Amino acid sequence: MSLSLMLLLQQRYDMSEARTMWEALRAWLNTEPLPGLRFSPGASNAIMLVTALLFIFLLELLITIGLQVWERRLMARMQGRRGPQEYGEVTPQRFRRIATQVGALIGLPAVLYGVNYWTGGTADAKLFWSMAILFLALGLAGLLYRHLLLPVLNANPASGRGLLSILKFKATLFSLCMLPCFAAAGGLALAALLGYLPKAHIPFLPQLTVLCTFLAFILYMAYMIRFYWRQGFYDTIKIFFKEDTVPLNADKLLYLIAPILVYIPALLSWVVIPFGVAAIEGQIVYYMIQDLNVGLLLIIADFAMFLVAVIMSGYASNNKYALVGAMREAAMLLTYEIPMLMSLLCVAIFAGSLNLTEIVQRQSMTWGILPLFPAFVIYLVVSLAETNRPPFDLPEAQNELLGGYLVEYSGMRFALFYVAEYSNVFIVSAIMSVCFLGGWKGPMFLGTDGLWLTSLFWFLLKTYALCFFFIWARSTMPRIRVDQIMFFSWKFLLPASVVVMAATALGVVNRHPWFSANQLAVSDVDVTVRESVTQYQTLTTAEALAVMSVPEKAFFWGYNVLCLFFGLFILVMAWRILFAARRHPQPRREVSWSG
Amino acid sequence: MTRSSDRRVEIRRDPLLTEKLIYSVGPQHPSLPSPLELRVQADGELIERVTPELGYMHRGVEQLVTQRNYGQAAGLISRCEWLAGSNADWLVADAIERIEGITVPARSQWLRTLVLELSRIGNHLFWFGNLGLEAGAYTPIFIAMREREMLLDLLEMLSGHRHHHGWIVPGGVRNAPPEDFSGHVRAFCLWFRGRLDEYEDFFSDNAIWINRSELIGTLEPDYAFEYGATGPVLRASGIAHDLRRDQPYAMYGELDVQVPTGEFGDVLDRYRVRFLEMRESLRIIEACLGNIGGDAPLRDPDVNPDPEALTVSRGEVYTAVESPRGELGLTLVSDGTNRPSRMHLRAPSLYHLFLLDELCRGYLLADLFVIYGSLDIMIGEVDK
């Protein structure tokens with residue numbers, strides 16, 4: 001069966017047209033990677049499968065541990081806790097040292113690249129020298145700030161507030177930038193001295209970049225593992241060695257396979273997430289395992305499968321708490337799948353594709369969050385429920401159900417649930433950034449050569465910003481009750497999502513300029529993508545407004561009112577959270593003083 | 001909103017004769033900080049009956065104290081009330097003073113009032129954090145413990161102990177406060193008033209919290225009266241009853257104690273009443289601070305300064321204090337020796353615990369924990 005699967009894969013994918021890193025690697029394997037070393041197609045396929053699985057597994061484990069440790073530290077910070085998590089071994093001196101080292105390593109090639117790119121290769125020695133002097137001056141200023149001003153400010157207790165604190169911040173910033181500035185000045189002066197300047201192409205720059213980035217990455221990872229993630233790794237190792245218990249009278253088969261069934265969809269979803277894009281020999285290659293045409297569908301299916309496996313585990317545990325947790329999960333499954341589908345369908349309709357890379361490419365001019373704002377809000381709420389995160393963590397409610405469906409699991413099986421949960425947080429955030437925030441799109445400040453780095457940077461920035469939202473919600477909200485979730489979803493989210501989807505579909509089908517305006521298929525930087533069908537006019541929003549007919553304009557404003565409603569909703573919530581409560585003490589209802 | 005409208009679901013008769021689910025919540029459960037078992041009979045998640053099972057922490061304190069001298073007895077009684085132990089100390093001291101007819105110097109009375117109010121704030125802070133946990137919010141426990149730590153430091157500075165102070169002794173208080181004590185307390189009041197605003201910003205107006213607590217676990221005033229509820233639980237139901245105002249003890253007679261009352265007697269009212277009480281305690285503490293200085297004597301010189309060597313003449317007395325949870329009363333029967341003949345503690349938590357069945361019927365399982373948290377039950381009082 002596996003042989004036939006490989007043959008199928010063989011026929012399905014043309015080796016010459018590698019669209020993803022995985023396929024590029026396969027193409028490389030097929031072209032005699034080492035002298036005399038040749039793989040049969042079957043062998044290369046097998047190697048690729050194993051590589052992909054290992055890659056996903058390790059990446060997921062790493063990101064899960066990182067996310068979990070980050071959550072711990074962030075929540076400690078949000079809750080004003082002081083303790084080992086706060087102080088730990090992460091001293092300001094150590095942080096400063098690693099920041100300067102990594103900054104210097106990244107900064108040197110980045111500055112060279114930047115100059116090379118912005119001057120279009122026409123820079124002369126004068127410009128380089130002046131920039132070198134500028135960086136030297138900045139570095140010297142940092143030196144002065146660090147050794148003359150900062151000790152004085154640190155010794156002064158009044159520097160915690162007022163104008164002095166601004167000075168202190170500036171001094172800290174300058175002293176942090178000191179080493180990168182010196183490195184940049186040195187690099188620029190070196191480049192100027194070597195006389196490479198007038199040329200557009202600085203020799204060995206790609207090699208230098210790779211070397212520097214590799215060193216910076218190694219340094220950073222060593223630092224993170226040594227000081228930040230240590231506890232996470234210890235926990236992971238410890239949980240491997242714990243006893244795997246099965247409760248008496250449990251449905252043993254279901255009980256044992258449920259964690260695996262929870263873990264598999266969490267693993268599968270990583271196949272289609274586009275982390276970024278690179279330009280290799282004039283061709284665009286995506287950072288992903290497989291560029292599926294139905295990527296979005298796969299993700300949705302994975303979530304449904306995850307929930308079913310959770311229900312299975314709750315049922316099989318033969319425990320009342322687990323059973324109640326599973327029942328809650330079943331209710332939430334029915335409740336939240338539909339609004340989630342509707343809001344993701346809006347994206348699919350808008351982009352005209354279920355392919356995640358195409359969805360991103362369609363957001364070249366404007367991110368999807370602008371035309372699809374209501375869908376974004378709905379998905380943001382629903383994603384919290386999808387991943388069982390607070391305030392929707394009813395199925396595993398720690399204080400009520402002792403962990404719900406998790407209550408009987410221990411050891412590695414518990415860890416599988418745990419990894420799946422955190423990996424789902426990352427996947428949901430990634431899907432949100434792909435569908436609504438433009439995926440890897442952003443100012444590509446390193447040019448075509450640096451596309452692989454900048455795209456990754458933007459993607460991870462957006463995704464982790466959304467992960468931050470998940471952690472923030474956890475430390476802020478109490479848990480919602482199960483019937484309140486049902487009411488909220490069936491009475492508000494479901495009708496709202498249907499209306500939003502209908503509006504989007506109408507607008508797209510009628511070629512409404514509000515939706516077609518932003519459909520300019522622009523490729524990344526100056527690399528040509530494969531031809532994609534653009535069925536819409538390429539207008540900016542203002543131009544589109546000018547050419548609209550009266551009914552179109554009516555639709556446009558109606559849709560904007562819908563957007564406005566959701567925008568107001570968000571604003572009011574933010575206002576309530578940030579400012580409204582300042583009026584205390586002021587009881588909302590009658591609590592009388594009878595003295 | 002009328003008084004009788006709450007969000008209770010009607011428990012209907014079951015034509016299918018399905019089996020009822022009986023959850024055994026506790027004695028080990030993250031929502032129950034002390035050992036107690038609640039047998040919850042439910043139809044799915046809909047609660048039909050809650051039966052508290054006691055005895056997991058029974059220590060026989062009332063028997064033990066009859067074999068100890070008065071100093072040791074006060075320590076044991078204080079172990080029933082570990083979040084605000086000074087209340088128990090005050091009870092024992094006051095009972096002895098009543099039998100012996102001892103008058104306590106005014107400065108000591110002011111100091112006692114101060115310490116009682118400080119422990120009230122400490123207890124309410126613990127309650128707030130715990131209630132947050134029961135509602136599924138992870139942050140209140142940490143921010144409340146942050147301030148409670150400062151408060152325990154103050155009490156440690158005063159008495160040398162963090163929980164069971166043993167500082168209120170028959171005839172007065174054990175030792176004078178350190179010189180900079182009132183300055184520290186004043187600084188704490190200033191700081192804590194700001195923090196109270198922060199709690200309210202953070203939690204009180206949270207829409208989810210309002211939904212979780214509004215009209216949940218409503219307690220009618222006549223029910224509250226019949227079940228013997230006291231303290232914030234009774235006041236939240238609309239009955240302004242406070243021993244500090246109605247039977248002034250210590251120096252409360254000199255102070256104009258304001259009594260906050262609720263309207264519906266639901267979880268939200270109990271929550272708000274306790275928050276207003278914390279503000280009121282702050283006001284009382286600041287009023288006390290002006291009277292605790294000076295060189296006035298702290299104790300009647302006729303009374304034996306060592307409570308362990310104290311002999312109490314024959315007599316019987318009941319005395320009560322408005323503890324953070326309600327009316328905490330002590331009956332003392334003495335037979336002229338240095339040991340009490342009988343001591344009985346009237347614990348408010350016991351009465352509130354048996355309200356639980358009445359309050360939880362017709363609500364969901366998730367509400368049980370919020371209602372339990374809002375009653376502020378301490379098992380040390382229930383299982384003596």
# chains A, B, ... in the order shown; residues from 1 in each chain; ligands from 1
>>> residues_around(residues="Thr172 of chain A", least_positions_apart="3", cutoff="12 Å", atoms="only C-alpha atoms", output="JSON, numbers by chain")
{"A": [92, 93, 96, 141, 142, 143, 144, 145, 146, 147, 148, 149, 150, 151, 153, 154, 165, 166, 167, 168, 169, 175, 176, 177, 178]}
>>> closest_atom_pairs(of="chain B", to="chain A", cutoff="6 Å", atoms="only C-alpha atoms", output="JSON lines")
{"residue": "B:Pro30", "atom": "CA", "partner": "A:Asn399", "partner_atom": "CA", "distance": 5.6}
{"residue": "B:Ser31", "atom": "CA", "partner": "A:Asn399", "partner_atom": "CA", "distance": 5.3}
{"residue": "B:Glu134", "atom": "CA", "partner": "A:Asn399", "partner_atom": "CA", "distance": 5.9}
{"residue": "B:Ala135", "atom": "CA", "partner": "A:Pro478", "partner_atom": "CA", "distance": 5.6}
{"residue": "B:Gly136", "atom": "CA", "partner": "A:Arg479", "partner_atom": "CA", "distance": 4.7}
{"residue": "B:Ala137", "atom": "CA", "partner": "A:Pro478", "partner_atom": "CA", "distance": 4.0}
{"residue": "B:Tyr138", "atom": "CA", "partner": "A:Ser475", "partner_atom": "CA", "distance": 6.0}
{"residue": "B:Thr139", "atom": "CA", "partner": "A:Gln79", "partner_atom": "CA", "distance": 5.8}
{"residue": "B:Asp201", "atom": "CA", "partner": "A:Ala581", "partner_atom": "CA", "distance": 4.8}
{"residue": "B:Gln258", "atom": "CA", "partner": "A:Gly595", "partner_atom": "CA", "distance": 4.9}
{"residue": "B:Val259", "atom": "CA", "partner": "A:Gly595", "partner_atom": "CA", "distance": 5.7}
{"residue": "B:Pro260", "atom": "CA", "partner": "A:Trp593", "partner_atom": "CA", "distance": 4.7}
{"residue": "B:Thr261", "atom": "CA", "partner": "A:Ser592", "partner_atom": "CA", "distance": 5.5}
{"residue": "B:Gly262", "atom": "CA", "partner": "A:Val591", "partner_atom": "CA", "distance": 4.8}
>>> write_last_selection(atoms="C-alpha atoms", output="JSON list (two decimals), in the first residue's frame")
[["chain", "number", "residue", "atom", "x", "y", "z"],
["B", 30, "PRO", "CA", -9.10, 22.11, 43.57],
["B", 31, "SER", "CA", -12.12, 24.27, 44.37],
["B", 134, "GLU", "CA", -13.80, 29.19, 41.45],
["B", 135, "ALA", "CA", -15.11, 31.34, 38.62],
["B", 136, "GLY", "CA", -12.20, 30.23, 36.45],
["B", 137, "ALA", "CA", -10.15, 33.43, 36.56],
["B", 138, "TYR", "CA", -6.51, 32.78, 37.30],
["B", 139, "THR", "CA", -5.28, 36.24, 38.19],
["B", 201, "ASP", "CA", -11.25, 47.77, 37.46],
["B", 258, "GLN", "CA", -21.49, 51.93, 58.07],
["B", 259, "VAL", "CA", -23.22, 48.70, 57.06],
["B", 260, "PRO", "CA", -23.48, 47.93, 53.34],
["B", 261, "THR", "CA", -26.45, 45.83, 52.29],
["B", 262, "GLY", "CA", -27.35, 44.15, 49.04]]
>>> residues_around(residues="segment 362-375 of chain B", least_positions_apart="3", cutoff="9 Å", atoms="only C-alpha atoms", output="ChimeraX atom specification")
/A:399-401,481-483 /B:7-11,31-32,40,42,44-49,127-128,130-135,212-213,216-217,232-233,266-268,270-271,325,349,352-353,355-356,359
>>> residues_around(residues="segment 309-313 of chain A", least_positions_apart="5", cutoff="9 Å", atoms="only C-alpha atoms", output="list in words")
Leu254, Tyr255, Leu256, Ile257, Ala258, Pro259, Ile260, Leu261, Val262, Ala304, Ala322, Leu323, Gly325, Ala326, Met327, Arg328, Glu329, Ala330, Tyr405, Leu406 and Phe417 of chain A
>>> residues_around(residues="Leu506 of chain A", least_positions_apart="2", cutoff="12 Å", atoms="only C-alpha atoms", output="list in words")
Cys346, Ile349, Phe350, Val499, Val500, Met501, Ala502, Ala503, Thr504, Val508, Val509, Asn510, Arg511, His512, Pro513, Trp514, Phe515, Glu552, Phe555, Phe556 and Tyr559 of chain A
>>> residues_around(residues="Trp191 of chain B", least_positions_apart="5", cutoff="12 Å", atoms="only C-alpha atoms", output="list in words")
Arg146, Glu147, Met150, Leu151, His184, Val185, Arg186, Leu196, Asp197, Glu198 and Leu282 of chain B
>>> closest_residue(among="B:Gly336, B:Pro140, B:Pro305, B:Pro33", to="Ile168 of chain B", atoms="only C-alpha atoms")
B:Pro305
>>> select_by_dssp(residues="segment 218-368 of chain B", states="helix (DSSP H, G or I)", output="PDB file with N, CA and C atoms, in the first residue's frame")
ATOM      1  N   PRO B 221     -34.466  37.075  52.105  1.00  0.00           N
ATOM      2  CA  PRO B 221     -34.130  37.504  53.469  1.00  0.00           C
ATOM      3  C   PRO B 221     -34.763  36.616  54.533  1.00  0.00           C
ATOM      4  N   ASP B 222     -36.023  36.156  54.328  1.00  0.00           N
ATOM      5  CA  ASP B 222     -36.628  35.319  55.376  1.00  0.00           C
ATOM      6  C   ASP B 222     -35.939  33.967  55.482  1.00  0.00           C
ATOM      7  N   TYR B 223     -35.529  33.418  54.327  1.00  0.00           N
ATOM      8  CA  TYR B 223     -34.750  32.179  54.363  1.00  0.00           C
ATOM      9  C   TYR B 223     -33.449  32.386  55.119  1.00  0.00           C
ATOM     10  N   ALA B 224     -32.774  33.498  54.773  1.00  0.00           N
ATOM     11  CA  ALA B 224     -31.489  33.786  55.413  1.00  0.00           C
ATOM     12  C   ALA B 224     -31.665  33.849  56.920  1.00  0.00           C
ATOM     13  N   PHE B 225     -32.737  34.472  57.343  1.00  0.00           N
ATOM     14  CA  PHE B 225     -33.008  34.613  58.765  1.00  0.00           C
ATOM     15  C   PHE B 225     -33.270  33.251  59.399  1.00  0.00           C
ATOM     16  N   GLU B 226     -34.087  32.438  58.729  1.00  0.00           N
ATOM     17  CA  GLU B 226     -34.426  31.132  59.286  1.00  0.00           C
ATOM     18  C   GLU B 226     -33.222  30.209  59.381  1.00  0.00           C
ATOM     19  N   TYR B 227     -32.347  30.267  58.372  1.00  0.00           N
ATOM     20  CA  TYR B 227     -31.193  29.379  58.383  1.00  0.00           C
ATOM     21  C   TYR B 227     -30.106  29.869  59.329  1.00  0.00           C
ATOM     22  N   GLY B 231     -23.562  37.938  59.058  1.00  0.00           N
ATOM     23  CA  GLY B 231     -22.438  38.527  58.345  1.00  0.00           C
ATOM     24  C   GLY B 231     -22.786  38.967  56.943  1.00  0.00           C
ATOM     25  N   PRO B 232     -21.786  38.965  56.045  1.00  0.00           N
ATOM     26  CA  PRO B 232     -22.009  39.463  54.683  1.00  0.00           C
ATOM     27  C   PRO B 232     -23.117  38.704  53.954  1.00  0.00           C
ATOM     28  N   VAL B 233     -23.304  37.434  54.259  1.00  0.00           N
ATOM     29  CA  VAL B 233     -24.343  36.657  53.566  1.00  0.00           C
ATOM     30  C   VAL B 233     -25.723  37.209  53.913  1.00  0.00           C
ATOM     31  N   LEU B 234     -25.921  37.518  55.195  1.00  0.00           N
ATOM     32  CA  LEU B 234     -27.210  38.079  55.616  1.00  0.00           C
ATOM     33  C   LEU B 234     -27.374  39.494  55.068  1.00  0.00           C
ATOM     34  N   ARG B 235     -26.314  40.272  55.130  1.00  0.00           N
ATOM     35  CA  ARG B 235     -26.408  41.659  54.684  1.00  0.00           C
ATOM     36  C   ARG B 235     -26.655  41.746  53.188  1.00  0.00           C
ATOM     37  N   ALA B 236     -26.083  40.805  52.416  1.00  0.00           N
ATOM     38  CA  ALA B 236     -26.320  40.824  50.972  1.00  0.00           C
ATOM     39  C   ALA B 236     -27.783  40.574  50.660  1.00  0.00           C
ATOM     40  N   LEU B 243     -22.910  43.163  64.138  1.00  0.00           N
ATOM     41  CA  LEU B 243     -22.666  43.257  65.580  1.00  0.00           C
ATOM     42  C   LEU B 243     -21.836  44.469  65.936  1.00  0.00           C
ATOM     43  N   ARG B 244     -20.994  44.900  65.019  1.00  0.00           N
ATOM     44  CA  ARG B 244     -20.157  46.058  65.314  1.00  0.00           C
ATOM     45  C   ARG B 244     -21.010  47.290  65.534  1.00  0.00           C
ATOM     46  N   ARG B 245     -22.169  47.344  64.872  1.00  0.00           N
ATOM     47  CA  ARG B 245     -23.048  48.491  65.031  1.00  0.00           C
ATOM     48  C   ARG B 245     -24.151  48.203  66.038  1.00  0.00           C
ATOM     49  N   ASP B 246     -24.676  46.967  66.039  1.00  0.00           N
ATOM     50  CA  ASP B 246     -25.855  46.673  66.858  1.00  0.00           C
ATOM     51  C   ASP B 246     -25.499  46.300  68.293  1.00  0.00           C
ATOM     52  N   VAL B 267     -24.976  36.111  44.227  1.00  0.00           N
ATOM     53  CA  VAL B 267     -23.520  36.063  44.340  1.00  0.00           C
ATOM     54  C   VAL B 267     -22.926  37.451  44.153  1.00  0.00           C
ATOM     55  N   LEU B 268     -23.477  38.204  43.198  1.00  0.00           N
ATOM     56  CA  LEU B 268     -22.941  39.533  42.923  1.00  0.00           C
ATOM     57  C   LEU B 268     -23.094  40.448  44.130  1.00  0.00           C
ATOM     58  N   ASP B 269     -24.222  40.352  44.836  1.00  0.00           N
ATOM     59  CA  ASP B 269     -24.419  41.197  46.016  1.00  0.00           C
ATOM     60  C   ASP B 269     -23.446  40.825  47.123  1.00  0.00           C
ATOM     61  N   ARG B 270     -23.254  39.538  47.316  1.00  0.00           N
ATOM     62  CA  ARG B 270     -22.306  39.120  48.357  1.00  0.00           C
ATOM     63  C   ARG B 270     -20.913  39.618  48.024  1.00  0.00           C
ATOM     64  N   TYR B 271     -20.604  39.572  46.719  1.00  0.00           N
ATOM     65  CA  TYR B 271     -19.310  40.068  46.259  1.00  0.00           C
ATOM     66  C   TYR B 271     -19.173  41.558  46.539  1.00  0.00           C
ATOM     67  N   ARG B 272     -20.181  42.326  46.154  1.00  0.00           N
ATOM     68  CA  ARG B 272     -20.082  43.781  46.314  1.00  0.00           C
ATOM     69  C   ARG B 272     -20.063  44.173  47.783  1.00  0.00           C
ATOM     70  N   VAL B 273     -20.883  43.491  48.601  1.00  0.00           N
ATOM     71  CA  VAL B 273     -20.929  43.825  50.019  1.00  0.00           C
ATOM     72  C   VAL B 273     -19.550  43.621  50.647  1.00  0.00           C
ATOM     73  N   ARG B 274     -18.880  42.539  50.271  1.00  0.00           N
ATOM     74  CA  ARG B 274     -17.561  42.308  50.864  1.00  0.00           C
ATOM     75  C   ARG B 274     -16.568  43.356  50.411  1.00  0.00           C
ATOM     76  N   PHE B 275     -16.678  43.793  49.158  1.00  0.00           N
ATOM     77  CA  PHE B 275     -15.753  44.837  48.709  1.00  0.00           C
ATOM     78  C   PHE B 275     -15.995  46.145  49.459  1.00  0.00           C
ATOM     79  N   LEU B 276     -17.286  46.492  49.672  1.00  0.00           N
ATOM     80  CA  LEU B 276     -17.562  47.713  50.427  1.00  0.00           C
ATOM     81  C   LEU B 276     -17.085  47.573  51.863  1.00  0.00           C
ATOM     82  N   GLU B 277     -17.191  46.359  52.404  1.00  0.00           N
ATOM     83  CA  GLU B 277     -16.707  46.150  53.776  1.00  0.00           C
ATOM     84  C   GLU B 277     -15.216  46.390  53.883  1.00  0.00           C
ATOM     85  N   MET B 278     -14.490  45.998  52.841  1.00  0.00           N
ATOM     86  CA  MET B 278     -13.044  46.233  52.889  1.00  0.00           C
ATOM     87  C   MET B 278     -12.757  47.731  52.928  1.00  0.00           C
ATOM     88  N   ARG B 279     -13.502  48.504  52.152  1.00  0.00           N
ATOM     89  CA  ARG B 279     -13.305  49.968  52.184  1.00  0.00           C
ATOM     90  C   ARG B 279     -13.653  50.517  53.560  1.00  0.00           C
ATOM     91  N   GLU B 280     -14.747  49.973  54.150  1.00  0.00           N
ATOM     92  CA  GLU B 280     -15.166  50.440  55.465  1.00  0.00           C
ATOM     93  C   GLU B 280     -14.106  50.090  56.511  1.00  0.00           C
ATOM     94  N   SER B 281     -13.512  48.884  56.383  1.00  0.00           N
ATOM     95  CA  SER B 281     -12.460  48.490  57.313  1.00  0.00           C
ATOM     96  C   SER B 281     -11.288  49.451  57.230  1.00  0.00           C
ATOM     97  N   LEU B 282     -10.950  49.840  56.012  1.00  0.00           N
ATOM     98  CA  LEU B 282      -9.850  50.798  55.840  1.00  0.00           C
ATOM     99  C   LEU B 282     -10.147  52.081  56.598  1.00  0.00           C
ATOM    100  N   ARG B 283     -11.401  52.534  56.506  1.00  0.00           N
ATOM    101  CA  ARG B 283     -11.789  53.770  57.190  1.00  0.00           C
ATOM    102  C   ARG B 283     -11.650  53.602  58.707  1.00  0.00           C
ATOM    103  N   ILE B 284     -12.104  52.456  59.207  1.00  0.00           N
ATOM    104  CA  ILE B 284     -12.020  52.214  60.650  1.00  0.00           C
ATOM    105  C   ILE B 284     -10.563  52.154  61.096  1.00  0.00           C
ATOM    106  N   ILE B 285      -9.728  51.492  60.293  1.00  0.00           N
ATOM    107  CA  ILE B 285      -8.309  51.381  60.658  1.00  0.00           C
ATOM    108  C   ILE B 285      -7.686  52.759  60.763  1.00  0.00           C
ATOM    109  N   GLU B 286      -8.006  53.622  59.793  1.00  0.00           N
ATOM    110  CA  GLU B 286      -7.420  54.962  59.825  1.00  0.00           C
ATOM    111  C   GLU B 286      -7.922  55.747  61.028  1.00  0.00           C
ATOM    112  N   ALA B 287      -9.188  55.481  61.428  1.00  0.00           N
ATOM    113  CA  ALA B 287      -9.698  56.154  62.619  1.00  0.00           C
ATOM    114  C   ALA B 287      -8.994  55.645  63.871  1.00  0.00           C
ATOM    115  N   CYS B 288      -8.658  54.354  63.906  1.00  0.00           N
ATOM    116  CA  CYS B 288      -7.986  53.788  65.074  1.00  0.00           C
ATOM    117  C   CYS B 288      -6.578  54.317  65.233  1.00  0.00           C
ATOM    118  N   LEU B 289      -5.941  54.623  64.090  1.00  0.00           N
ATOM    119  CA  LEU B 289      -4.513  54.918  64.131  1.00  0.00           C
ATOM    120  C   LEU B 289      -4.183  56.101  65.033  1.00  0.00           C
ATOM    121  N   PRO B 307      -1.173  34.152  80.513  1.00  0.00           N
ATOM    122  CA  PRO B 307      -2.497  33.530  80.377  1.00  0.00           C
ATOM    123  C   PRO B 307      -2.492  32.051  80.729  1.00  0.00           C
ATOM    124  N   GLU B 308      -1.317  31.410  80.662  1.00  0.00           N
ATOM    125  CA  GLU B 308      -1.288  29.983  80.970  1.00  0.00           C
ATOM    126  C   GLU B 308      -1.433  29.723  82.467  1.00  0.00           C
ATOM    127  N   ALA B 309      -1.188  30.755  83.265  1.00  0.00           N
ATOM    128  CA  ALA B 309      -1.305  30.579  84.714  1.00  0.00           C
ATOM    129  C   ALA B 309      -2.595  31.204  85.234  1.00  0.00           C
ATOM    130  N   PRO B 348     -20.137  30.645  62.120  1.00  0.00           N
ATOM    131  CA  PRO B 348     -21.055  31.050  61.056  1.00  0.00           C
ATOM    132  C   PRO B 348     -20.966  30.155  59.826  1.00  0.00           C
ATOM    133  N   SER B 349     -19.769  29.614  59.551  1.00  0.00           N
ATOM    134  CA  SER B 349     -19.618  28.796  58.347  1.00  0.00           C
ATOM    135  C   SER B 349     -20.518  27.574  58.375  1.00  0.00           C
ATOM    136  N   LEU B 350     -20.755  27.035  59.575  1.00  0.00           N
ATOM    137  CA  LEU B 350     -21.603  25.850  59.686  1.00  0.00           C
ATOM    138  C   LEU B 350     -23.008  26.160  59.184  1.00  0.00           C
ATOM    139  N   TYR B 351     -23.515  27.324  59.578  1.00  0.00           N
ATOM    140  CA  TYR B 351     -24.866  27.709  59.167  1.00  0.00           C
ATOM    141  C   TYR B 351     -24.902  27.980  57.667  1.00  0.00           C
ATOM    142  N   HIS B 352     -23.841  28.621  57.168  1.00  0.00           N
ATOM    143  CA  HIS B 352     -23.821  28.958  55.739  1.00  0.00           C
ATOM    144  C   HIS B 352     -23.674  27.718  54.875  1.00  0.00           C
ATOM    145  N   LEU B 353     -22.949  26.727  55.415  1.00  0.00           N
ATOM    146  CA  LEU B 353     -22.746  25.514  54.627  1.00  0.00           C
ATOM    147  C   LEU B 353     -24.078  24.822  54.347  1.00  0.00           C
ATOM    148  N   LEU B 356     -26.220  25.813  51.408  1.00  0.00           N
ATOM    149  CA  LEU B 356     -25.758  25.485  50.064  1.00  0.00           C
ATOM    150  C   LEU B 356     -26.813  24.713  49.262  1.00  0.00           C
ATOM    151  N   ASP B 357     -27.462  23.769  49.919  1.00  0.00           N
ATOM    152  CA  ASP B 357     -28.470  22.972  49.233  1.00  0.00           C
ATOM    153  C   ASP B 357     -29.593  23.857  48.721  1.00  0.00           C
ATOM    154  N   GLU B 358     -30.049  24.763  49.585  1.00  0.00           N
ATOM    155  CA  GLU B 358     -31.130  25.669  49.203  1.00  0.00           C
ATOM    156  C   GLU B 358     -30.714  26.566  48.036  1.00  0.00           C
ATOM    157  N   LEU B 359     -29.464  27.025  48.074  1.00  0.00           N
ATOM    158  CA  LEU B 359     -29.023  28.000  47.077  1.00  0.00           C
ATOM    159  C   LEU B 359     -28.736  27.362  45.726  1.00  0.00           C
ATOM    160  N   CYS B 360     -28.293  26.096  45.731  1.00  0.00           N
ATOM    161  CA  CYS B 360     -27.788  25.521  44.482  1.00  0.00           C
ATOM    162  C   CYS B 360     -28.851  24.791  43.676  1.00  0.00           C
ATOM    163  N   LEU B 365     -23.901  22.890  37.395  1.00  0.00           N
ATOM    164  CA  LEU B 365     -22.764  22.441  38.203  1.00  0.00           C
ATOM    165  C   LEU B 365     -21.727  23.552  38.346  1.00  0.00           C
ATOM    166  N   ALA B 366     -21.532  24.331  37.269  1.00  0.00           N
ATOM    167  CA  ALA B 366     -20.531  25.391  37.330  1.00  0.00           C
ATOM    168  C   ALA B 366     -20.906  26.445  38.370  1.00  0.00           C
ATOM    169  N   ASP B 367     -22.230  26.619  38.602  1.00  0.00           N
ATOM    170  CA  ASP B 367     -22.654  27.627  39.569  1.00  0.00           C
ATOM    171  C   ASP B 367     -22.372  27.197  40.994  1.00  0.00           C
ATOM    172  N   LEU B 368     -22.348  25.879  41.231  1.00  0.00           N
ATOM    173  CA  LEU B 368     -22.120  25.382  42.591  1.00  0.00           C
ATOM    174  C   LEU B 368     -20.867  25.993  43.184  1.00  0.00           C
TER     175      LEU B 368
END
>>> residues_around(residues="Pro27 of chain B", least_positions_apart="4", cutoff="6 Å", atoms="only C-alpha atoms", output="ChimeraX atom specification")
/B:35-37
>>> atom_distance(atom1="atom CA of Tyr422 of chain A", atom2="atom CA of Gln68 of chain A")
7.2 Å
>>> closest_residue(among="B:Phe142, B:Trp82, B:Phe203, B:Trp110", to="Gly166 of chain B", atoms="only C-alpha atoms")
B:Trp82
>>> select_by_dssp(residues="segment 208-430 of chain A", states="strand (DSSP E or B)", output="compact mmCIF listing (two decimals) with N, CA and C atoms, in the first residue's frame")
# COMPACT_ATOMS: atom_id res chain seq x y z
N VAL A 277 8.39 32.44 2.34
CA VAL A 277 8.63 32.24 0.93
C VAL A 277 10.09 32.59 0.66
N ALA A 278 10.69 31.90 -0.28
CA ALA A 278 12.07 32.21 -0.64
C ALA A 278 12.18 32.24 -2.16
N ALA A 279 13.12 33.02 -2.64
CA ALA A 279 13.35 33.06 -4.07
C ALA A 279 14.61 32.27 -4.36
N ILE A 280 14.45 31.15 -5.06
CA ILE A 280 15.61 30.33 -5.41
C ILE A 280 15.71 30.28 -6.92
N GLN A 283 12.77 31.53 -8.88
CA GLN A 283 11.50 30.84 -8.71
C GLN A 283 11.08 30.93 -7.26
N ILE A 284 9.76 31.08 -7.04
CA ILE A 284 9.26 31.19 -5.68
C ILE A 284 9.08 29.80 -5.07
N VAL A 285 9.65 29.64 -3.88
CA VAL A 285 9.50 28.37 -3.16
C VAL A 285 8.95 28.68 -1.78
N TYR A 286 7.88 27.98 -1.40
CA TYR A 286 7.24 28.26 -0.12
C TYR A 286 7.81 27.39 0.98
